[in-house]
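Here is the structure we will look at, set down as structure tokens.
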Amino acid sequence: MKGNYFLGEKKFEVREYPVPEAGPKDVLIRVAACGICGTDVHIYHGSKGSTDVKPPVVLGHEFSGVVEKVGSEVTAVKAGDHVTVDPNIYCGKCHFCQIGKKQMCENLYAVGVNRDGGFAEYCLVPETQCYQLDKRVPLKYGAMTEPLACCVHGIDKAGIQPGNTVCVIGGGAIGLLMIQLAKISGASKVVLSEPVAMRREIGMEVGACGTIDPIHEDIKERLEELLGRKGADVVIECVGTPVAAEQAFLAADKGATILLFSVPKPDSIYSLHLEEVFQKELTIVGSMINPDTHGRAAALINSGVLKLEPIITHSFPVEQVEEAILAQQSAETIKVIVEP
């Protein structure tokens, strides 16, 4: 089989190696599609992922595929099933696992981060990490399940109530998923702030009631035009830069919740105006990976309720993982996938 190994900062190597043998509780998956995540971009540039990366390792944690073989004790799936994989494996024993916050697990282990993942022709995972996909669902859509699961957790944290207004900052893949989840959650109006025209257009296609070009338009004035108020009830920041964080606070009405969802660079700092938090009585929340939401995300994918085709814009073969990661950083792409 063929896999593309990450060797350390900005270094990859395509290798031929034996197909791994499934243990009693393992599932061997023939990978169909694996998304490039912002976490992969950070790892490529030398930062850690959801947990520490120890090269050489096959990255890729947003993937789907077809079950090739199962271990002798596996009962949840069988050969031929279409599956998506929850990459995050928790210890269940540490303080955070025991208080119901396993996304903070002190011993987190992740497929495609510190265990070989989806940038390969085959991947071996524990049975517990597999979720079934309807065979009518394109497998490239299945590769969107993991980022969608993270978004579902974020939406839970944002606490959107029916009738709320929402402003999404950033029209990448995550922002476009958040628009749709906000609508499903009962938001009356969802506005997208995004500087790239192509992404604003797709934002409208997937459910936004209006868009803002933050480079050429005043966010507050434009929000008042679109919402009839000076800000939104919920603001979801999906970029990960101090400028985007500033926009999120500008977009927040009194009593708003601001979800800082994105994965920022480790040294990203935003100077918070404490008096504004007091005067507006803001709620500021973060969101970390996807605890217990992968099954819900798979159900949404299987339902066909989401518009995913406009979000997946580019694909690359497994030999070109580095090119795919570089493409993911371009304003001309939205979601880039690798198809082994």
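Note on naming: chains are A, B, ... as they come in the structure tokens, residues start from 1 per chain, ligands start from 1 in the order shown.
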What are the closest atom pairs, with distances in Å to one decimal, for each residue of range 41-111 of chain A lying within 8 Å of range 29-32 of chain A, using only C-alpha atoms, rows by chain and rising residue number, as JSON lines?
{"residue": "A:Phe63", "atom": "CA", "partner": "A:Val31", "partner_atom": "CA", "distance": 7.0}
{"residue": "A:Ser64", "atom": "CA", "partner": "A:Ala32", "partner_atom": "CA", "distance": 5.9}
{"residue": "A:Gly65", "atom": "CA", "partner": "A:Val31", "partner_atom": "CA", "distance": 4.3}
{"residue": "A:Val66", "atom": "CA", "partner": "A:Arg30", "partner_atom": "CA", "distance": 5.2}
{"residue": "A:Val67", "atom": "CA", "partner": "A:Ile29", "partner_atom": "CA", "distance": 4.5}
{"residue": "A:Glu68", "atom": "CA", "partner": "A:Ile29", "partner_atom": "CA", "distance": 5.4}
{"residue": "A:Lys69", "atom": "CA", "partner": "A:Ile29", "partner_atom": "CA", "distance": 7.3}
Test item: residues at most 9 Å from Glu62 in chain A, only C-alpha atoms, excluding those fewer than 6 positions along its chain, as a PyMOL selection string = chain A and resi 33-37+84-87+112+117-118+142-147
For Ile169 in chain A, please output as a list in words all residues within 8 Å (counting only C-alpha atoms; exclusion window: fewer than 3 positions along the same chain).
-> Gly175, Leu192, Ser193, Glu194, Val235, Ile236, Glu237, Cys238, Val239, Ala244, Gln247 and Ala248 of chain A
Save out the residues we just selected, all heavy atoms, as a PDB file, in the first residue's frame.
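What landed in result_19.pdb:
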ATOM      1  N   GLY A 175     -17.060  27.961   8.452  1.00  0.00           N
ATOM      2  CA  GLY A 175     -18.070  29.005   8.466  1.00  0.00           C
ATOM      3  C   GLY A 175     -19.300  28.633   7.673  1.00  0.00           C
ATOM      4  O   GLY A 175     -20.441  28.903   8.088  1.00  0.00           O
ATOM      5  N   LEU A 192     -23.114  36.433   7.009  1.00  0.00           N
ATOM      6  CA  LEU A 192     -21.725  36.010   6.851  1.00  0.00           C
ATOM      7  C   LEU A 192     -20.837  37.209   6.581  1.00  0.00           C
ATOM      8  O   LEU A 192     -21.095  37.997   5.667  1.00  0.00           O
ATOM      9  CB  LEU A 192     -21.598  35.023   5.689  1.00  0.00           C
ATOM     10  CG  LEU A 192     -20.171  34.655   5.265  1.00  0.00           C
ATOM     11  CD1 LEU A 192     -19.442  33.902   6.386  1.00  0.00           C
ATOM     12  CD2 LEU A 192     -20.167  33.832   3.981  1.00  0.00           C
ATOM     13  N   SER A 193     -19.759  37.340   7.359  1.00  0.00           N
ATOM     14  CA  SER A 193     -18.721  38.336   7.098  1.00  0.00           C
ATOM     15  C   SER A 193     -17.514  37.623   6.516  1.00  0.00           C
ATOM     16  O   SER A 193     -16.911  36.768   7.169  1.00  0.00           O
ATOM     17  CB  SER A 193     -18.324  39.059   8.390  1.00  0.00           C
ATOM     18  OG  SER A 193     -17.253  39.958   8.152  1.00  0.00           O
ATOM     19  N   GLU A 194     -17.166  37.966   5.278  1.00  0.00           N
ATOM     20  CA  GLU A 194     -16.112  37.256   4.552  1.00  0.00           C
ATOM     21  C   GLU A 194     -15.562  38.153   3.444  1.00  0.00           C
ATOM     22  O   GLU A 194     -16.326  38.678   2.635  1.00  0.00           O
ATOM     23  CB  GLU A 194     -16.672  35.965   3.962  1.00  0.00           C
ATOM     24  CG  GLU A 194     -15.849  35.299   2.891  1.00  0.00           C
ATOM     25  CD  GLU A 194     -14.458  34.926   3.346  1.00  0.00           C
ATOM     26  OE1 GLU A 194     -14.332  34.282   4.403  1.00  0.00           O
ATOM     27  OE2 GLU A 194     -13.504  35.302   2.646  1.00  0.00           O
ATOM     28  N   VAL A 235     -22.440  35.375  17.783  1.00  0.00           N
ATOM     29  CA  VAL A 235     -21.384  35.572  16.792  1.00  0.00           C
ATOM     30  C   VAL A 235     -20.463  34.357  16.838  1.00  0.00           C
ATOM     31  O   VAL A 235     -20.033  33.939  17.912  1.00  0.00           O
ATOM     32  CB  VAL A 235     -20.572  36.857  17.060  1.00  0.00           C
ATOM     33  CG1 VAL A 235     -19.518  37.055  15.971  1.00  0.00           C
ATOM     34  CG2 VAL A 235     -21.495  38.070  17.139  1.00  0.00           C
ATOM     35  N   ILE A 236     -20.205  33.790  15.663  1.00  0.00           N
ATOM     36  CA  ILE A 236     -19.355  32.599  15.580  1.00  0.00           C
ATOM     37  C   ILE A 236     -18.124  32.950  14.760  1.00  0.00           C
ATOM     38  O   ILE A 236     -18.218  33.204  13.557  1.00  0.00           O
ATOM     39  CB  ILE A 236     -20.113  31.424  14.935  1.00  0.00           C
ATOM     40  CG1 ILE A 236     -21.401  31.133  15.708  1.00  0.00           C
ATOM     41  CG2 ILE A 236     -19.228  30.181  14.875  1.00  0.00           C
ATOM     42  CD1 ILE A 236     -22.290  30.076  15.074  1.00  0.00           C
ATOM     43  N   GLU A 237     -16.979  32.984  15.401  1.00  0.00           N
ATOM     44  CA  GLU A 237     -15.714  33.371  14.747  1.00  0.00           C
ATOM     45  C   GLU A 237     -15.009  32.120  14.246  1.00  0.00           C
ATOM     46  O   GLU A 237     -14.709  31.211  15.014  1.00  0.00           O
ATOM     47  CB  GLU A 237     -14.841  34.153  15.739  1.00  0.00           C
ATOM     48  CG  GLU A 237     -13.567  34.698  15.153  1.00  0.00           C
ATOM     49  CD  GLU A 237     -12.434  33.679  15.173  1.00  0.00           C
ATOM     50  OE1 GLU A 237     -12.201  33.055  16.220  1.00  0.00           O
ATOM     51  OE2 GLU A 237     -11.801  33.507  14.110  1.00  0.00           O
ATOM     52  N   CYS A 238     -14.730  32.069  12.933  1.00  0.00           N
ATOM     53  CA  CYS A 238     -14.214  30.852  12.297  1.00  0.00           C
ATOM     54  C   CYS A 238     -12.937  31.113  11.495  1.00  0.00           C
ATOM     55  O   CYS A 238     -12.701  30.438  10.484  1.00  0.00           O
ATOM     56  CB  CYS A 238     -15.268  30.261  11.366  1.00  0.00           C
ATOM     57  SG  CYS A 238     -16.865  29.936  12.110  1.00  0.00           S
ATOM     58  N   VAL A 239     -12.128  32.061  11.915  1.00  0.00           N
ATOM     59  CA  VAL A 239     -10.923  32.412  11.157  1.00  0.00           C
ATOM     60  C   VAL A 239      -9.648  32.137  11.950  1.00  0.00           C
ATOM     61  O   VAL A 239      -8.704  31.540  11.446  1.00  0.00           O
ATOM     62  CB  VAL A 239     -10.955  33.890  10.715  1.00  0.00           C
ATOM     63  CG1 VAL A 239      -9.715  34.227   9.888  1.00  0.00           C
ATOM     64  CG2 VAL A 239     -12.215  34.188   9.915  1.00  0.00           C
ATOM     65  N   ALA A 244     -10.055  38.890  13.068  1.00  0.00           N
ATOM     66  CA  ALA A 244     -11.366  38.237  13.080  1.00  0.00           C
ATOM     67  C   ALA A 244     -11.997  38.299  14.463  1.00  0.00           C
ATOM     68  O   ALA A 244     -13.221  38.478  14.592  1.00  0.00           O
ATOM     69  CB  ALA A 244     -11.232  36.793  12.614  1.00  0.00           C
ATOM     70  N   GLN A 247     -13.488  41.658  14.853  1.00  0.00           N
ATOM     71  CA  GLN A 247     -14.746  41.729  14.114  1.00  0.00           C
ATOM     72  C   GLN A 247     -15.878  41.056  14.893  1.00  0.00           C
ATOM     73  O   GLN A 247     -17.018  41.533  14.896  1.00  0.00           O
ATOM     74  CB  GLN A 247     -14.595  41.062  12.751  1.00  0.00           C
ATOM     75  CG  GLN A 247     -13.719  41.822  11.776  1.00  0.00           C
ATOM     76  CD  GLN A 247     -13.564  41.074  10.460  1.00  0.00           C
ATOM     77  OE1 GLN A 247     -14.342  40.197  10.131  1.00  0.00           O
ATOM     78  NE2 GLN A 247     -12.536  41.432   9.706  1.00  0.00           N
ATOM     79  N   ALA A 248     -15.548  39.960  15.557  1.00  0.00           N
ATOM     80  CA  ALA A 248     -16.568  39.246  16.326  1.00  0.00           C
ATOM     81  C   ALA A 248     -17.135  40.128  17.429  1.00  0.00           C
ATOM     82  O   ALA A 248     -18.351  40.161  17.660  1.00  0.00           O
ATOM     83  CB  ALA A 248     -15.986  37.960  16.906  1.00  0.00           C
TER      84      ALA A 248
END
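Distances here use only C-alpha atoms; by that measure, the residue among A:Thr283, A:Thr128, A:Gln320, A:Thr211 closest to Val191 in chain A is A:Thr211.
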Long-range neighbours of Gln161 in chain A as a ChimeraX atom specification, 7 Å cut-off, only C-alpha atoms, 4 positions minimum in chain | /A:185-187
What would the file look like if the residues just selected were written as an mmCIF file, in the first residue's frame with all heavy atoms?
data_model
loop_
_atom_site.group_PDB
_atom_site.id
_atom_site.type_symbol
_atom_site.label_atom_id
_atom_site.label_comp_id
_atom_site.auth_asym_id
_atom_site.auth_seq_id
_atom_site.Cartn_x
_atom_site.Cartn_y
_atom_site.Cartn_z
ATOM 1 N N SER A 185 -30.684 25.164 13.785
ATOM 2 C CA SER A 185 -30.919 25.394 15.217
ATOM 3 C C SER A 185 -32.014 26.421 15.478
ATOM 4 O O SER A 185 -32.363 26.658 16.635
ATOM 5 C CB SER A 185 -29.619 25.845 15.887
ATOM 6 O OG SER A 185 -28.613 24.873 15.750
ATOM 7 N N GLY A 186 -32.517 27.052 14.425
ATOM 8 C CA GLY A 186 -33.638 27.969 14.601
ATOM 9 C C GLY A 186 -33.318 29.435 14.441
ATOM 10 O O GLY A 186 -34.163 30.291 14.722
ATOM 11 N N ALA A 187 -32.101 29.762 14.011
ATOM 12 C CA ALA A 187 -31.762 31.175 13.805
ATOM 13 C C ALA A 187 -32.696 31.784 12.764
ATOM 14 O O ALA A 187 -32.967 31.187 11.723
ATOM 15 C CB ALA A 187 -30.315 31.303 13.344
#
Name the residues of range 77-226 of chain A that come out as helix (DSSP H, G or I) in a backbone DSSP run; write them as a PyMOL selection string.
-> chain A and resi 95-98+102-104+127-129+139-142+145-158+173-184+197-205+219-226
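Here the question is which of A:Ala245, A:Cys91, A:Ala22, A:Ala110 gets nearest to Asp52 in chain A using only C-alpha atoms, and that residue is A:Ala110.
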Nearest residue to Met288 in chain A from the set A:Val41, A:Val263, A:Ile89, A:Pro340 (distances using only C-alpha atoms) | A:Val263
Could you find all residues in range 60-89 of chain A that DSSP calls strand (DSSP E or B) from the backbone, and write them as a ChimeraX atom specification?
-> /A:62-70,82-85,88-89
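Those residues that approach Pro310 in chain A to within 12 Å, counting only C-alpha atoms, are A:Tyr141, A:Gly171, A:Gly172, A:Ala173, A:Leu176, A:Leu177, A:Met198, A:Arg199, A:Arg200, A:Glu201, A:Ile202, A:Gly203, A:Met204, A:Glu205, A:Val206, A:Leu306, A:Lys307, A:Leu308, A:Ile312, A:Thr313, A:His314, A:Thr333, A:Ile334, A:Lys335, A:Val336; same-chain residues fewer than 2 positions away are not listed.
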Write to file, as a PDB file, in the first residue's frame, the residues of the selection just made, with N, CA and C atoms.
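Result saved to part_28.pdb:
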ATOM      1  N   TYR A 141     -18.404  13.323   0.859  1.00  0.00           N
ATOM      2  CA  TYR A 141     -19.209  13.998   1.874  1.00  0.00           C
ATOM      3  C   TYR A 141     -18.914  13.403   3.245  1.00  0.00           C
ATOM      4  N   GLY A 171     -15.824  32.684   5.890  1.00  0.00           N
ATOM      5  CA  GLY A 171     -16.603  31.828   5.007  1.00  0.00           C
ATOM      6  C   GLY A 171     -15.827  30.669   4.435  1.00  0.00           C
ATOM      7  N   GLY A 172     -14.902  30.114   5.224  1.00  0.00           N
ATOM      8  CA  GLY A 172     -14.257  28.867   4.827  1.00  0.00           C
ATOM      9  C   GLY A 172     -15.220  27.708   5.066  1.00  0.00           C
ATOM     10  N   ALA A 173     -14.703  26.486   4.995  1.00  0.00           N
ATOM     11  CA  ALA A 173     -15.555  25.305   5.156  1.00  0.00           C
ATOM     12  C   ALA A 173     -16.300  25.326   6.485  1.00  0.00           C
ATOM     13  N   LEU A 176     -19.108  27.969   6.528  1.00  0.00           N
ATOM     14  CA  LEU A 176     -20.235  27.570   5.688  1.00  0.00           C
ATOM     15  C   LEU A 176     -21.049  26.453   6.331  1.00  0.00           C
ATOM     16  N   LEU A 177     -20.394  25.587   7.097  1.00  0.00           N
ATOM     17  CA  LEU A 177     -21.129  24.592   7.875  1.00  0.00           C
ATOM     18  C   LEU A 177     -21.886  25.255   9.019  1.00  0.00           C
ATOM     19  N   MET A 198     -16.164  35.001  -3.766  1.00  0.00           N
ATOM     20  CA  MET A 198     -16.628  33.652  -4.074  1.00  0.00           C
ATOM     21  C   MET A 198     -17.220  32.982  -2.844  1.00  0.00           C
ATOM     22  N   ARG A 199     -16.591  33.183  -1.708  1.00  0.00           N
ATOM     23  CA  ARG A 199     -17.092  32.567  -0.479  1.00  0.00           C
ATOM     24  C   ARG A 199     -18.380  33.240  -0.009  1.00  0.00           C
ATOM     25  N   ARG A 200     -18.497  34.543  -0.218  1.00  0.00           N
ATOM     26  CA  ARG A 200     -19.747  35.219   0.130  1.00  0.00           C
ATOM     27  C   ARG A 200     -20.898  34.674  -0.712  1.00  0.00           C
ATOM     28  N   GLU A 201     -20.629  34.435  -1.986  1.00  0.00           N
ATOM     29  CA  GLU A 201     -21.667  33.893  -2.867  1.00  0.00           C
ATOM     30  C   GLU A 201     -22.119  32.511  -2.402  1.00  0.00           C
ATOM     31  N   ILE A 202     -21.167  31.672  -2.025  1.00  0.00           N
ATOM     32  CA  ILE A 202     -21.525  30.336  -1.552  1.00  0.00           C
ATOM     33  C   ILE A 202     -22.234  30.425  -0.205  1.00  0.00           C
ATOM     34  N   GLY A 203     -21.848  31.399   0.615  1.00  0.00           N
ATOM     35  CA  GLY A 203     -22.544  31.624   1.879  1.00  0.00           C
ATOM     36  C   GLY A 203     -24.024  31.880   1.662  1.00  0.00           C
ATOM     37  N   MET A 204     -24.346  32.684   0.659  1.00  0.00           N
ATOM     38  CA  MET A 204     -25.749  32.933   0.328  1.00  0.00           C
ATOM     39  C   MET A 204     -26.421  31.651  -0.168  1.00  0.00           C
ATOM     40  N   GLU A 205     -25.677  30.872  -0.934  1.00  0.00           N
ATOM     41  CA  GLU A 205     -26.221  29.628  -1.487  1.00  0.00           C
ATOM     42  C   GLU A 205     -26.592  28.627  -0.399  1.00  0.00           C
ATOM     43  N   VAL A 206     -25.815  28.610   0.697  1.00  0.00           N
ATOM     44  CA  VAL A 206     -26.074  27.619   1.749  1.00  0.00           C
ATOM     45  C   VAL A 206     -26.950  28.149   2.883  1.00  0.00           C
ATOM     46  N   LEU A 306     -27.752  18.900   4.549  1.00  0.00           N
ATOM     47  CA  LEU A 306     -26.701  19.899   4.382  1.00  0.00           C
ATOM     48  C   LEU A 306     -26.262  20.016   2.919  1.00  0.00           C
ATOM     49  N   LYS A 307     -25.889  21.227   2.537  1.00  0.00           N
ATOM     50  CA  LYS A 307     -25.319  21.464   1.212  1.00  0.00           C
ATOM     51  C   LYS A 307     -23.797  21.387   1.330  1.00  0.00           C
ATOM     52  N   LEU A 308     -23.240  20.285   0.852  1.00  0.00           N
ATOM     53  CA  LEU A 308     -21.804  20.037   0.985  1.00  0.00           C
ATOM     54  C   LEU A 308     -21.049  20.197  -0.332  1.00  0.00           C
ATOM     55  N   ILE A 312     -16.770  21.596  -1.025  1.00  0.00           N
ATOM     56  CA  ILE A 312     -15.609  20.799  -1.447  1.00  0.00           C
ATOM     57  C   ILE A 312     -15.191  21.278  -2.834  1.00  0.00           C
ATOM     58  N   THR A 313     -14.098  22.025  -2.897  1.00  0.00           N
ATOM     59  CA  THR A 313     -13.734  22.692  -4.154  1.00  0.00           C
ATOM     60  C   THR A 313     -12.550  22.074  -4.884  1.00  0.00           C
ATOM     61  N   HIS A 314     -11.662  21.368  -4.192  1.00  0.00           N
ATOM     62  CA  HIS A 314     -10.454  20.840  -4.835  1.00  0.00           C
ATOM     63  C   HIS A 314     -10.108  19.473  -4.265  1.00  0.00           C
ATOM     64  N   THR A 333      -9.630  28.401  -2.623  1.00  0.00           N
ATOM     65  CA  THR A 333     -10.204  27.107  -2.251  1.00  0.00           C
ATOM     66  C   THR A 333     -11.129  27.288  -1.051  1.00  0.00           C
ATOM     67  N   ILE A 334     -11.958  26.275  -0.829  1.00  0.00           N
ATOM     68  CA  ILE A 334     -12.717  26.232   0.431  1.00  0.00           C
ATOM     69  C   ILE A 334     -12.294  24.971   1.172  1.00  0.00           C
ATOM     70  N   LYS A 335     -12.805  23.807   0.733  1.00  0.00           N
ATOM     71  CA  LYS A 335     -12.362  22.564   1.353  1.00  0.00           C
ATOM     72  C   LYS A 335     -11.584  21.741   0.339  1.00  0.00           C
ATOM     73  N   VAL A 336     -10.385  21.373   0.714  1.00  0.00           N
ATOM     74  CA  VAL A 336      -9.515  20.552  -0.111  1.00  0.00           C
ATOM     75  C   VAL A 336      -9.508  19.139   0.453  1.00  0.00           C
TER      76      VAL A 336
END
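In this comparison, which uses only C-alpha atoms, the residue of A:Val234, A:Glu16, A:Ile43, A:Val318 approaching Lys265 in chain A most closely is A:Ile43.
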With a distance cut-off of 6 Å and only C-alpha atoms, select the neighbouring residues of range 225-232 of chain A, excluding the residue or stretch itself and same-chain residues fewer than 6 positions from it, and output the selection as a PyMOL selection string.
-> chain A and resi 165-167+251-253
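Going from CA of Ser271 in chain A to CA of Ala256 in chain A covers 18.7 Å.
The interatomic distance for the pair CA of Asn302 in chain A and CA of Cys123 in chain A works out to 22.3 Å.
CA of Val285 in chain A lies 24.6 Å from CA of Cys209 in chain A.
The closest residue to Asn107 in chain A, picked from A:His95, A:His153, A:His45, A:Lys140 and counting only C-alpha atoms, is A:His95.
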